[in-house]
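Chemist: File name input.txt; file contents compact mmCIF, C-alpha atoms and all ligand atoms; full text below.
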# COMPACT_ATOMS: atom_id res chain seq x y z
CA MET A 1 12.59 -21.50 1.49
CA ALA A 2 9.93 -22.58 -1.00
CA TRP A 3 7.55 -19.66 -1.62
CA TYR A 4 4.44 -21.53 -0.45
CA LYS A 5 6.02 -22.03 2.98
CA GLN A 6 6.12 -18.29 3.52
CA LEU A 7 3.29 -17.08 5.70
CA HIS A 8 2.17 -14.15 3.54
CA TRP A 9 1.74 -16.47 0.57
CA GLN A 10 -0.23 -18.88 2.70
CA ILE A 11 -2.47 -16.02 3.83
CA LEU A 12 -2.92 -14.90 0.22
CA ILE A 13 -3.83 -18.45 -0.80
CA GLY A 14 -6.27 -18.59 2.16
CA MET A 15 -7.88 -15.39 0.89
CA ALA A 16 -8.14 -16.65 -2.68
CA LEU A 17 -9.61 -20.00 -1.63
CA GLY A 18 -11.96 -18.23 0.80
CA THR A 19 -13.23 -16.02 -2.03
CA LEU A 20 -13.72 -19.03 -4.27
CA PHE A 21 -15.49 -21.01 -1.57
CA GLY A 22 -17.65 -17.99 -0.62
CA VAL A 23 -18.82 -17.51 -4.22
CA VAL A 24 -19.56 -21.21 -4.72
CA ALA A 25 -21.32 -21.39 -1.33
CA ALA A 26 -23.43 -18.32 -2.11
CA GLN A 27 -24.43 -19.73 -5.50
CA ASN A 28 -25.40 -23.11 -4.08
CA GLY A 29 -27.26 -21.88 -1.01
CA TRP A 30 -24.66 -23.17 1.47
CA GLY A 31 -25.08 -20.07 3.63
CA GLN A 32 -26.18 -22.02 6.70
CA PHE A 33 -23.44 -24.62 6.27
CA THR A 34 -20.85 -21.84 6.02
CA ALA A 35 -22.27 -20.10 9.10
CA ASP A 36 -22.23 -23.35 11.10
CA TRP A 37 -18.99 -24.97 9.97
CA VAL A 38 -16.72 -22.38 8.37
CA ALA A 39 -17.42 -18.99 9.97
CA PRO A 40 -16.56 -20.17 13.54
CA PHE A 41 -12.90 -20.63 12.53
CA GLY A 42 -12.83 -16.99 11.39
CA THR A 43 -14.41 -15.88 14.65
CA ILE A 44 -11.90 -17.92 16.67
CA PHE A 45 -9.00 -16.38 14.75
CA LEU A 46 -10.38 -12.87 15.22
CA ASN A 47 -11.01 -13.50 18.93
CA LEU A 48 -7.42 -14.68 19.37
CA LEU A 49 -6.09 -11.51 17.79
CA LYS A 50 -8.43 -9.31 19.81
CA LEU A 51 -7.47 -11.20 22.95
CA ILE A 52 -3.88 -10.03 22.78
CA ALA A 53 -4.51 -6.51 21.41
CA MET A 54 -5.21 -4.97 24.84
CA PRO A 55 -2.27 -6.62 26.70
CA LEU A 56 -0.01 -5.64 23.80
CA VAL A 57 -1.06 -1.98 23.89
CA ILE A 58 -0.59 -1.80 27.68
CA THR A 59 2.81 -3.50 27.84
CA SER A 60 4.17 -1.84 24.69
CA LEU A 61 3.18 1.68 25.59
CA ILE A 62 4.38 1.47 29.20
CA CYS A 63 7.72 0.00 28.09
CA GLY A 64 7.90 2.31 25.09
CA VAL A 65 7.46 5.44 27.20
CA ALA A 66 9.54 4.21 30.15
CA SER A 67 12.47 3.27 27.93
CA LEU A 68 12.53 6.77 26.42
CA SER A 69 13.75 7.72 29.91
CA ASP A 70 14.24 11.43 29.31
CA PHE A 71 11.31 13.74 28.85
CA LYS A 72 12.92 15.77 26.11
CA LYS A 73 13.03 12.67 23.95
CA LEU A 74 9.49 11.67 24.92
CA SER A 75 8.01 15.05 24.08
CA ARG A 76 10.02 15.29 20.85
CA MET A 77 8.90 11.87 19.65
CA GLY A 78 5.36 12.32 20.96
CA GLY A 79 5.05 15.69 19.23
CA LYS A 80 6.39 14.36 15.93
CA THR A 81 4.17 11.27 16.07
CA ILE A 82 0.92 13.02 16.89
CA GLY A 83 1.71 15.89 14.50
CA LEU A 84 2.40 13.52 11.61
CA TYR A 85 -0.64 11.37 12.38
CA LEU A 86 -2.97 14.39 12.40
CA ALA A 87 -1.38 15.94 9.31
CA THR A 88 -1.65 12.77 7.22
CA THR A 89 -5.29 12.35 8.32
CA ALA A 90 -6.14 15.94 7.35
CA VAL A 91 -4.54 15.38 3.93
CA ALA A 92 -6.53 12.13 3.57
CA VAL A 93 -9.81 13.94 4.19
CA THR A 94 -8.85 16.66 1.71
CA ILE A 95 -8.04 14.05 -0.97
CA GLY A 96 -11.38 12.36 -0.24
CA LEU A 97 -13.22 15.67 -0.69
CA LEU A 98 -11.41 16.46 -3.95
CA VAL A 99 -12.20 13.04 -5.42
CA VAL A 100 -15.86 12.98 -4.36
CA ASN A 101 -16.43 16.53 -5.64
CA ALA A 102 -14.82 15.61 -8.96
CA ILE A 103 -16.65 12.29 -9.48
CA LYS A 104 -19.98 13.36 -7.90
CA PRO A 105 -21.17 9.81 -7.23
CA GLY A 106 -24.30 11.01 -5.41
CA ASP A 107 -25.57 12.88 -8.48
CA ARG A 108 -25.20 9.69 -10.51
CA LEU A 109 -27.40 7.60 -8.22
CA PRO A 110 -30.78 6.99 -9.94
CA ASP A 111 -33.84 7.93 -7.81
CA GLU A 112 -35.30 4.44 -7.91
CA THR A 113 -32.04 2.85 -6.63
CA LYS A 114 -32.01 5.44 -3.86
CA ALA A 115 -35.55 4.52 -2.84
CA GLN A 116 -34.74 0.79 -2.94
CA LEU A 117 -31.60 1.16 -0.81
CA GLU A 118 -33.39 3.38 1.69
CA ALA A 119 -36.23 0.91 2.08
CA LYS A 120 -33.88 -2.07 2.41
CA TYR A 121 -31.40 -0.69 4.94
CA GLN A 122 -33.67 1.68 6.86
CA ALA A 123 -34.03 -0.56 9.92
CA ASP A 124 -30.29 -1.15 10.20
CA ALA A 125 -29.59 2.56 9.72
CA THR A 126 -32.02 3.47 12.50
CA LYS A 127 -30.29 1.04 14.86
CA ARG A 128 -26.93 2.67 14.26
CA GLN A 129 -28.43 6.13 14.57
CA GLU A 130 -29.79 5.20 17.98
CA ALA A 131 -26.34 4.03 18.97
CA THR A 132 -24.95 7.51 18.31
CA GLU A 133 -27.93 9.31 19.81
CA THR A 134 -26.18 9.56 23.18
CA VAL A 135 -22.98 10.77 21.49
CA LYS A 136 -24.80 13.72 19.95
CA GLU A 137 -26.41 14.88 23.14
CA ARG A 138 -23.17 15.41 24.97
CA GLY A 139 -21.15 18.59 25.48
CA PRO A 140 -18.24 19.72 23.30
CA LEU A 141 -15.56 18.45 25.71
CA GLN A 142 -17.12 15.02 26.13
CA PRO A 143 -14.56 13.27 23.86
CA LEU A 144 -11.84 14.54 26.23
CA ILE A 145 -13.76 13.22 29.26
CA ASP A 146 -14.25 9.90 27.48
CA MET A 147 -10.51 9.49 27.12
CA VAL A 148 -9.98 9.42 30.88
CA PRO A 149 -11.20 6.20 32.49
CA ASP A 150 -12.49 5.97 36.06
CA ASN A 151 -11.80 2.28 36.39
CA PHE A 152 -8.89 0.48 34.80
CA PHE A 153 -10.59 -2.91 34.66
CA GLY A 154 -13.78 -1.38 33.27
CA SER A 155 -11.78 0.07 30.35
CA ALA A 156 -9.62 -3.00 29.84
CA SER A 157 -12.72 -5.16 29.53
CA SER A 158 -13.56 -3.92 26.03
CA ASN A 159 -11.38 -3.33 22.98
CA ARG A 160 -13.62 -0.38 22.15
CA ASN A 161 -12.05 1.50 25.07
CA MET A 162 -8.57 1.39 23.59
CA LEU A 163 -8.17 5.17 23.78
CA GLN A 164 -8.71 5.05 27.57
CA ILE A 165 -6.13 2.30 27.86
CA VAL A 166 -3.69 4.31 25.74
CA PHE A 167 -4.21 7.22 28.13
CA PHE A 168 -3.59 5.04 31.20
CA SER A 169 -0.53 3.38 29.69
CA LEU A 170 1.06 6.71 28.73
CA LEU A 171 0.44 7.97 32.26
CA ALA A 172 1.89 4.79 33.79
CA GLY A 173 4.95 4.95 31.48
CA ILE A 174 5.63 8.58 32.42
CA ALA A 175 5.20 7.80 36.13
CA LEU A 176 7.48 4.77 35.89
CA VAL A 177 10.35 6.95 34.69
CA GLN A 178 10.05 8.94 37.92
CA VAL A 179 10.14 5.92 40.21
CA ARG A 180 13.47 5.24 42.04
CA GLU A 181 15.85 3.07 40.03
CA GLU A 182 15.80 0.03 42.36
CA LYS A 183 11.97 -0.07 42.29
CA ARG A 184 11.67 0.85 38.63
CA ARG A 185 13.95 -1.85 37.25
CA PRO A 186 11.98 -4.92 38.42
CA VAL A 187 8.66 -3.37 37.33
CA PHE A 188 10.12 -2.57 33.92
CA GLU A 189 11.60 -6.06 33.59
CA VAL A 190 8.24 -7.68 34.38
CA ILE A 191 6.30 -5.51 31.93
CA SER A 192 8.85 -5.97 29.14
CA GLY A 193 8.85 -9.72 29.85
CA LEU A 194 5.08 -9.70 29.46
CA GLN A 195 5.43 -7.77 26.20
CA GLU A 196 7.80 -10.46 24.95
CA LEU A 197 5.26 -13.09 25.98
CA VAL A 198 2.45 -11.38 24.05
CA ILE A 199 4.67 -11.15 20.98
CA ARG A 200 5.39 -14.90 21.22
CA ILE A 201 1.63 -15.56 21.46
CA THR A 202 1.23 -13.56 18.24
CA PHE A 203 3.60 -15.97 16.49
CA LEU A 204 1.49 -18.92 17.58
CA ILE A 205 -1.77 -17.29 16.53
CA MET A 206 -0.38 -16.41 13.13
CA LEU A 207 0.21 -20.09 12.38
CA PHE A 208 -3.58 -20.29 12.21
CA ALA A 209 -3.85 -17.21 9.95
CA PRO A 210 -4.36 -18.94 6.56
CA ILE A 211 -7.35 -20.93 7.87
CA GLY A 212 -8.72 -17.95 9.82
CA VAL A 213 -8.50 -15.70 6.78
CA PHE A 214 -10.12 -18.35 4.56
CA ALA A 215 -13.07 -18.57 6.96
CA LEU A 216 -13.41 -14.80 7.41
CA ILE A 217 -13.51 -14.07 3.67
CA ALA A 218 -15.86 -16.98 2.89
CA SER A 219 -18.34 -15.98 5.58
CA THR A 220 -18.19 -12.28 4.64
CA ILE A 221 -19.21 -13.22 1.10
CA THR A 222 -22.05 -15.56 2.12
CA ASN A 223 -23.32 -13.02 4.68
CA MET A 224 -23.44 -10.28 2.09
CA ALA A 225 -25.04 -12.52 -0.52
CA GLY A 226 -27.87 -13.59 1.81
CA GLU A 227 -30.54 -15.53 -0.02
CA ASP A 228 -29.71 -14.06 -3.38
CA PRO A 229 -26.03 -14.01 -4.48
CA SER A 230 -26.70 -11.88 -7.54
CA GLN A 231 -27.56 -9.04 -5.17
CA ILE A 232 -23.89 -8.45 -4.27
CA LEU A 233 -23.16 -7.62 -7.90
CA SER A 234 -26.25 -5.50 -8.37
CA LEU A 235 -25.52 -3.64 -5.13
CA LEU A 236 -21.94 -3.06 -6.18
CA GLY A 237 -23.19 -2.00 -9.61
CA SER A 238 -25.61 0.59 -8.28
CA LEU A 239 -23.08 2.01 -5.85
CA ALA A 240 -20.15 1.58 -8.22
CA TRP A 241 -19.36 5.30 -8.49
CA TYR A 242 -19.39 5.72 -4.73
CA CYS A 243 -17.14 2.68 -4.19
CA LEU A 244 -14.87 3.90 -6.96
CA ALA A 245 -14.57 7.33 -5.35
CA VAL A 246 -13.53 5.78 -2.01
CA ILE A 247 -11.07 3.38 -3.62
CA ILE A 248 -9.51 6.00 -5.92
CA GLY A 249 -9.16 8.31 -2.90
CA LEU A 250 -7.48 5.58 -0.84
CA LEU A 251 -5.06 4.72 -3.66
CA LEU A 252 -4.20 8.36 -4.28
CA HIS A 253 -3.55 8.89 -0.58
CA ALA A 254 -1.31 5.84 -0.35
CA CYS A 255 0.62 6.75 -3.51
CA ILE A 256 1.01 10.47 -2.89
CA VAL A 257 1.32 10.74 0.87
CA TYR A 258 2.87 7.50 2.11
CA LEU A 259 5.12 6.88 -0.83
CA GLY A 260 6.14 10.55 -0.80
CA LEU A 261 6.98 10.45 2.91
CA LEU A 262 8.88 7.18 2.62
CA LYS A 263 10.84 8.29 -0.43
CA THR A 264 11.87 11.64 0.99
CA LEU A 265 12.32 10.85 4.67
CA THR A 266 13.50 7.23 4.88
CA PRO A 267 16.12 5.10 3.12
CA LEU A 268 13.46 2.44 2.35
CA THR A 269 12.56 1.60 -1.21
CA ILE A 270 8.85 1.36 -2.02
CA PRO A 271 8.87 -2.37 -3.00
CA ARG A 272 10.81 -3.11 0.16
CA PHE A 273 8.24 -1.27 2.28
CA PHE A 274 5.27 -3.10 0.77
CA ARG A 275 6.99 -6.49 0.92
CA SER A 276 7.74 -5.92 4.58
CA ILE A 277 4.23 -4.98 5.68
CA GLY A 278 2.29 -7.26 3.28
CA GLN A 279 1.26 -9.64 6.05
CA ALA A 280 -0.20 -6.83 8.16
CA GLN A 281 -2.04 -5.36 5.17
CA LEU A 282 -3.58 -8.72 4.22
CA LEU A 283 -4.67 -9.29 7.79
CA ALA A 284 -6.14 -5.79 8.08
CA PHE A 285 -8.05 -6.40 4.85
CA SER A 286 -9.46 -9.74 5.99
CA THR A 287 -10.27 -8.79 9.60
CA SER A 288 -11.37 -5.14 9.06
CA SER A 289 -9.81 -4.32 12.39
CA SER A 290 -6.59 -2.37 12.83
CA GLY A 291 -6.71 -3.17 16.56
CA ALA A 292 -6.73 -6.90 15.90
CA THR A 293 -3.95 -6.45 13.33
CA LEU A 294 -1.69 -4.50 15.73
CA PRO A 295 0.38 -7.47 16.97
CA VAL A 296 1.25 -8.39 13.39
CA THR A 297 1.85 -4.76 12.40
CA MET A 298 4.41 -4.50 15.21
CA LYS A 299 6.04 -7.77 14.20
CA CYS A 300 6.40 -6.62 10.56
CA ALA A 301 7.71 -3.18 11.56
CA GLU A 302 10.37 -4.57 13.87
CA GLU A 303 11.50 -7.68 12.03
CA LYS A 304 11.15 -6.70 8.41
CA LEU A 305 11.32 -2.92 8.27
CA GLY A 306 13.97 -2.77 10.98
CA VAL A 307 12.21 -0.27 13.25
CA SER A 308 13.61 -0.35 16.80
CA ARG A 309 11.44 -1.81 19.58
CA GLU A 310 11.61 1.57 21.35
CA VAL A 311 9.95 3.39 18.43
CA SER A 312 7.47 0.68 17.41
CA SER A 313 6.29 0.15 21.02
CA PHE A 314 5.34 3.78 21.26
CA VAL A 315 4.28 4.84 17.76
CA LEU A 316 2.28 1.80 16.56
CA PRO A 317 -0.16 1.25 19.47
CA LEU A 318 -0.86 4.98 19.40
CA GLY A 319 -1.39 4.83 15.63
CA ALA A 320 -3.72 1.83 15.74
CA THR A 321 -5.92 3.82 18.13
CA ILE A 322 -5.83 7.38 16.85
CA ASN A 323 -4.53 7.32 13.28
CA MET A 324 -7.12 6.26 10.73
CA ASP A 325 -6.45 7.94 7.41
CA GLY A 326 -8.48 5.43 5.43
CA THR A 327 -11.46 5.83 7.73
CA ALA A 328 -11.30 9.64 7.66
CA LEU A 329 -11.05 9.68 3.85
CA TYR A 330 -13.98 7.29 3.55
CA GLN A 331 -16.03 9.38 5.99
CA ALA A 332 -15.45 12.50 3.88
CA VAL A 333 -16.46 10.73 0.65
CA ALA A 334 -19.49 9.11 2.27
CA ALA A 335 -20.71 12.36 3.86
CA VAL A 336 -20.55 14.26 0.56
CA PHE A 337 -22.05 11.31 -1.35
CA ILE A 338 -25.05 11.21 0.99
CA ALA A 339 -25.44 15.00 0.73
CA GLN A 340 -25.31 14.83 -3.09
CA ALA A 341 -27.80 11.96 -3.19
CA SER A 342 -30.12 13.88 -0.86
CA GLY A 343 -29.92 16.95 -3.12
CA ILE A 344 -28.13 19.05 -0.48
CA ASP A 345 -25.52 21.54 -1.71
CA LEU A 346 -22.56 21.71 0.64
CA THR A 347 -20.97 25.13 1.06
CA THR A 348 -17.21 25.61 1.43
CA GLY A 349 -17.85 26.13 5.16
CA ALA A 350 -19.57 22.75 5.35
CA GLN A 351 -16.64 21.11 3.58
CA ILE A 352 -14.19 22.68 6.03
CA THR A 353 -16.41 21.36 8.84
CA ILE A 354 -16.05 17.91 7.27
CA VAL A 355 -12.24 18.18 7.40
CA LEU A 356 -12.27 19.12 11.09
CA THR A 357 -14.92 16.67 12.23
CA ALA A 358 -13.56 13.79 10.13
CA VAL A 359 -10.06 14.22 11.62
CA LEU A 360 -11.52 14.23 15.15
CA ALA A 361 -14.03 11.47 14.42
CA SER A 362 -11.30 9.20 13.06
CA VAL A 363 -9.28 9.73 16.25
CA GLY A 364 -12.30 8.62 18.26
CA THR A 365 -13.18 5.70 15.96
CA ALA A 366 -12.59 2.34 17.61
CA ALA A 367 -10.20 0.06 15.68
CA VAL A 368 -12.90 -2.56 15.12
CA PRO A 369 -15.02 -3.54 12.09
CA GLY A 370 -17.77 -1.11 11.14
CA ALA A 371 -16.83 1.60 13.65
CA GLY A 372 -16.23 4.18 10.92
CA ILE A 373 -19.86 4.30 9.77
CA VAL A 374 -21.11 5.00 13.30
CA MET A 375 -18.79 8.00 13.63
CA LEU A 376 -19.92 9.12 10.16
CA ILE A 377 -23.30 9.93 11.71
CA ILE A 378 -21.63 12.61 13.86
CA ILE A 379 -20.13 14.21 10.75
CA LEU A 380 -23.50 14.16 8.99
CA GLU A 381 -25.11 15.85 11.98
CA ALA A 382 -22.40 18.53 11.94
CA ILE A 383 -23.19 19.48 8.34
CA ASN A 384 -26.96 19.13 8.66
CA VAL A 385 -27.33 16.15 6.38
CA PRO A 386 -29.95 13.60 7.49
CA ALA A 387 -28.16 10.73 9.22
CA ALA A 388 -30.75 8.31 7.88
CA GLY A 389 -28.77 8.65 4.62
CA ILE A 390 -26.33 5.98 5.84
CA ALA A 391 -28.97 3.50 4.64
CA LEU A 392 -27.66 4.25 1.13
CA ILE A 393 -24.17 2.98 1.84
CA LEU A 394 -24.65 0.25 4.46
CA GLY A 395 -24.85 -2.56 1.91
CA VAL A 396 -21.28 -2.07 0.67
CA ASP A 397 -19.76 -0.92 3.93
CA ARG A 398 -18.00 -4.16 4.78
CA ILE A 399 -16.07 -4.21 1.51
CA LEU A 400 -14.98 -0.60 1.93
CA ASP A 401 -14.16 -1.29 5.59
CA MET A 402 -11.67 -3.94 4.45
CA CYS A 403 -9.99 -1.47 2.09
CA ARG A 404 -9.90 1.46 4.52
CA THR A 405 -8.54 -0.71 7.35
CA ALA A 406 -5.66 -1.84 5.09
CA VAL A 407 -4.90 1.85 4.44
CA ASN A 408 -5.16 2.66 8.18
CA VAL A 409 -2.49 0.06 8.92
CA THR A 410 -0.31 1.19 5.99
CA GLY A 411 -0.49 4.75 7.35
CA ASP A 412 0.56 3.64 10.83
CA THR A 413 3.61 1.78 9.51
CA ALA A 414 4.64 4.55 7.08
CA VAL A 415 4.61 7.13 9.89
CA THR A 416 6.45 4.70 12.18
CA ALA A 417 9.18 4.26 9.56
CA VAL A 418 9.50 8.04 9.18
CA ILE A 419 9.72 8.60 12.95
CA ALA A 420 12.24 5.76 13.31
CA ALA A 421 14.40 7.20 10.49
CA SER A 422 14.29 10.66 12.07
CA GLU A 423 15.39 9.16 15.41
CA LYS A 424 18.13 7.10 13.68
CA GLN A 425 16.35 3.95 14.80
CA LEU A 426 15.57 2.42 11.42
CA ASP A 427 17.91 -0.37 10.47
CA PRO A 428 16.39 -2.54 7.72
CA PRO A 429 17.71 -6.12 7.77
CA PRO A 430 19.63 -7.11 4.61
CA VAL A 431 17.03 -9.47 3.15
CA PRO A 432 13.43 -9.45 4.36
CA ASN A 433 12.70 -12.87 5.80
CA ALA A 434 9.27 -14.44 5.54
N1 LIG B 1 -12.36 -1.01 10.68
C1 LIG B 1 -11.57 0.18 10.82
C2 LIG B 1 -10.30 -0.13 11.60
O1 LIG B 1 -10.31 -1.01 12.43
C3 LIG B 1 -12.33 1.30 11.46
C4 LIG B 1 -13.47 1.70 10.55
O2 LIG B 1 -13.23 2.53 9.65
O3 LIG B 1 -14.57 1.16 10.67
O4 LIG B 1 -9.30 0.48 11.37
Do you think you could lay out the structure here as C-alpha cells?
Modeler:
Amino acid sequence: MAWYKQLHWQILIGMALGTLFGVVAAQNGWGQFTADWVAPFGTIFLNLLKLIAMPLVITSLICGVASLSDFKKLSRMGGKTIGLYLATTAVAVTIGLLVVNAIKPGDRLPDETKAQLEAKYQADATKRQEATETVKERGPLQPLIDMVPDNFFGSASSNRNMLQIVFFSLLAGIALVQVREEKRRPVFEVISGLQELVIRITFLIMLFAPIGVFALIASTITNMAGEDPSQILSLLGSLAWYCLAVIIGLLLHACIVYLGLLKTLTPLTIPRFFRSIGQAQLLAFSTSSSGATLPVTMKCAEEKLGVSREVSSFVLPLGATINMDGTALYQAVAAVFIAQASGIDLTTGAQITIVLTAVLASVGTAAVPGAGIVMLIIILEAINVPAAGIALILGVDRILDMCRTAVNVTGDTAVTAVIAASEKQLDPPPVPNA
C-alpha cells in the first residue's frame, strides 16, 4: 500500500498542514474565519470520539472482567495492573522533581515577566481556583465517596465521571460472573456485541481523523495567538525553561521507564512498539484527551501490538481513567516551578507530599483537555504554595497538555503490553498493518 494511504501518515499530514494553516491564519488575522469555518470540524471530530468513549468503557470493562471468569485470575491481573500503574506514576513524579530541581526554571523567571503573566492570566486563574474551591473543603475520604455513583445515568451523562463508570462496570462484570450460566450467556453476548459495534464506529470515525486533526491544530494555534501572533513565541520564550523541564522529564520517563519495561518484560522491539501505537499517540497529542483517544488506543493495542481482547478490554479503559504519568510528572514540575517563582523553599517533606498528592491527583484527573491544571491546585494547597500561581503557567498549558496526554497514552499501552506478556496474551502480528 502506498505510504500516503496509511492512516497514520494521513493524520501526520493533517497535523503538518494544520500547523501551517494555523500560523498563516494567525499572521493574517484570520482568527474569526478559522473559528467559524475550520474549528467546527475539530469539535465535531472530538465530539464523535467522546461520544463513544463512555459506551466503550462500559462494554469493554464488563466483558473484560466477565471473561476473566475466575476470581483468582481477576485479582491477579487487577493487582498487577493497578500496582504497575501506580508504580510508573510514582516514578514519573520523582523524575519530574529531579528535573525541575536540577533546572530550577522558577529561579530563572525574571520578575517583570512574572508580573506580566500574573496580570494577564489572573482572571482565568481565579476562575479555575473557584472550580476547585469545593474540592478543597471536603473531607479526606471524599475522593473515595466520589468514585461511587448514586445514579448510573447521572454518571454516564458526563465523560468527567469516567471513574464512577469504571467502578460500576467493574462491579457489573464481577456480578455477571456469578449469574447462572443460562442467564449470563445472553447478557454477555449482547454486551460483547455492543462492544464490537462501538469498535466498528471507531473505524468510521477515524476515516475523518486527518481533517479533524487539521482543524484541531489550526484552531489551537489561532486561539493561542489571539490578536497578536508574536505573543505565542514571546510566551514560549519567557517560559522556555519551564516548558523544557516538563518536556525533558516526559522524554526521560518514556525512555527510561517505558522502554525499560518493554525491553525487559516483553518480546516487543522499541521501533515496533512505537510504530504500532503511533496513531494513538498522534491523536492524543492533537486532542489532548486520553479518554477521547481510548477507542483508537484499544484498536492499536489489539491489532498492531497483538494484545488479546481479554487484556486490552480490562487494562486500557482502567488506564485511560486512572493512569496519567505525563500529567503527574507535569504537576510535579509545575508545582515546584510556581514555588520557585514565588520564592518559596520546598523542604524534603513538601517534596514527598508532592509525590503522594500528585499520584492521587493524577488518578482523579479526568481524561479531558486541561483537567491536569485544575488538580494541580490541590497539590499547591497541600504544600502551602499560593494557588494563584497557576496564572504563571496557564498561557502554555495547552501545548504541554498535548505532550503529557501523548505520554499518558504511551504509558497505558506500555503497561498493557507488559501485562499481556506476563499473562501469555501478547501475540504480535508478523507485519504491522496500517
Ligand atoms: N489532558 C490529559 C488527558 O486527557 C489530562 C490532563 O493532564 O489535563 O490525559
Chemist: Please check which protein, DNA or RNA residues sit within 6 Å of ligand LIG 1 (chain B), counting all atoms listed in the file, and write them as a list in words.
Modeler: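 Those within range of ligand LIG 1 (chain B) are Ser288, Ser289, Ser290, Gly291, Thr327, Ala367, Val368, Pro369, Gly370, Ala371, Gly372, Asp401, Thr405 and Asn408 of chain A.
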Chemist: Would you mind listing what lies within 10 Å of Thr266 of chain A as a ChimeraX atom specification, with only C-alpha atoms counted and same-chain residues fewer than 4 positions away left out?
Modeler: /A:260-262,414,417-422,424,426
Chemist: Within 12 Å of (-24.8, 4.9, -4.1), all atoms listed in the file: residues as a PyMOL selection string?
Modeler: chain A and resi 104-118+234-246+333-342+389-397
Chemist: Please list as a PyMOL selection string every residue within 12 Å of Ser67 of chain A, counting all atoms listed in the file and excluding residues in the same chain fewer than 6 positions away.
Modeler: chain A and resi 59-61+73-74+170+173-178+184-185+188-189+191-192+308-314
Chemist: Can you write out the residues you just picked, keeping C-alpha atoms, as a JSON list (two decimals), in the frame of the given file?
Modeler:
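Below is the file selection25.json, written as the result:
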[["chain", "number", "residue", "atom", "x", "y", "z"],
["A", 59, "THR", "CA", 2.81, -3.50, 27.84],
["A", 60, "SER", "CA", 4.17, -1.84, 24.69],
["A", 61, "LEU", "CA", 3.18, 1.68, 25.59],
["A", 73, "LYS", "CA", 13.03, 12.67, 23.95],
["A", 74, "LEU", "CA", 9.49, 11.67, 24.92],
["A", 170, "LEU", "CA", 1.06, 6.71, 28.73],
["A", 173, "GLY", "CA", 4.95, 4.95, 31.48],
["A", 174, "ILE", "CA", 5.63, 8.58, 32.42],
["A", 175, "ALA", "CA", 5.20, 7.80, 36.13],
["A", 176, "LEU", "CA", 7.48, 4.77, 35.89],
["A", 177, "VAL", "CA", 10.35, 6.95, 34.69],
["A", 178, "GLN", "CA", 10.05, 8.94, 37.92],
["A", 184, "ARG", "CA", 11.67, 0.85, 38.63],
["A", 185, "ARG", "CA", 13.95, -1.85, 37.25],
["A", 188, "PHE", "CA", 10.12, -2.57, 33.92],
["A", 189, "GLU", "CA", 11.60, -6.06, 33.59],
["A", 191, "ILE", "CA", 6.30, -5.51, 31.93],
["A", 192, "SER", "CA", 8.85, -5.97, 29.14],
["A", 308, "SER", "CA", 13.61, -0.35, 16.80],
["A", 309, "ARG", "CA", 11.44, -1.81, 19.58],
["A", 310, "GLU", "CA", 11.61, 1.57, 21.35],
["A", 311, "VAL", "CA", 9.95, 3.39, 18.43],
["A", 312, "SER", "CA", 7.47, 0.68, 17.41],
["A", 313, "SER", "CA", 6.29, 0.15, 21.02],
["A", 314, "PHE", "CA", 5.34, 3.78, 21.26]]
Chemist: Which value, in Å to one decimal, gives the distance between atom CA of Gly42 of chain A and atom CA of Ala218 of chain A?
Modeler: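 Between these atoms lies a distance of 9.0 Å.
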Chemist: Rank nothing, just name the residue among A:Leu305, A:Met298, A:Val24, A:Ala361 nearest to Ala320 of chain A, using all atoms listed in the file.
Modeler: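 Going through A:Leu305, A:Met298, A:Val24, A:Ala361 one by one, the smallest distance to Ala320 of chain A is for A:Met298.
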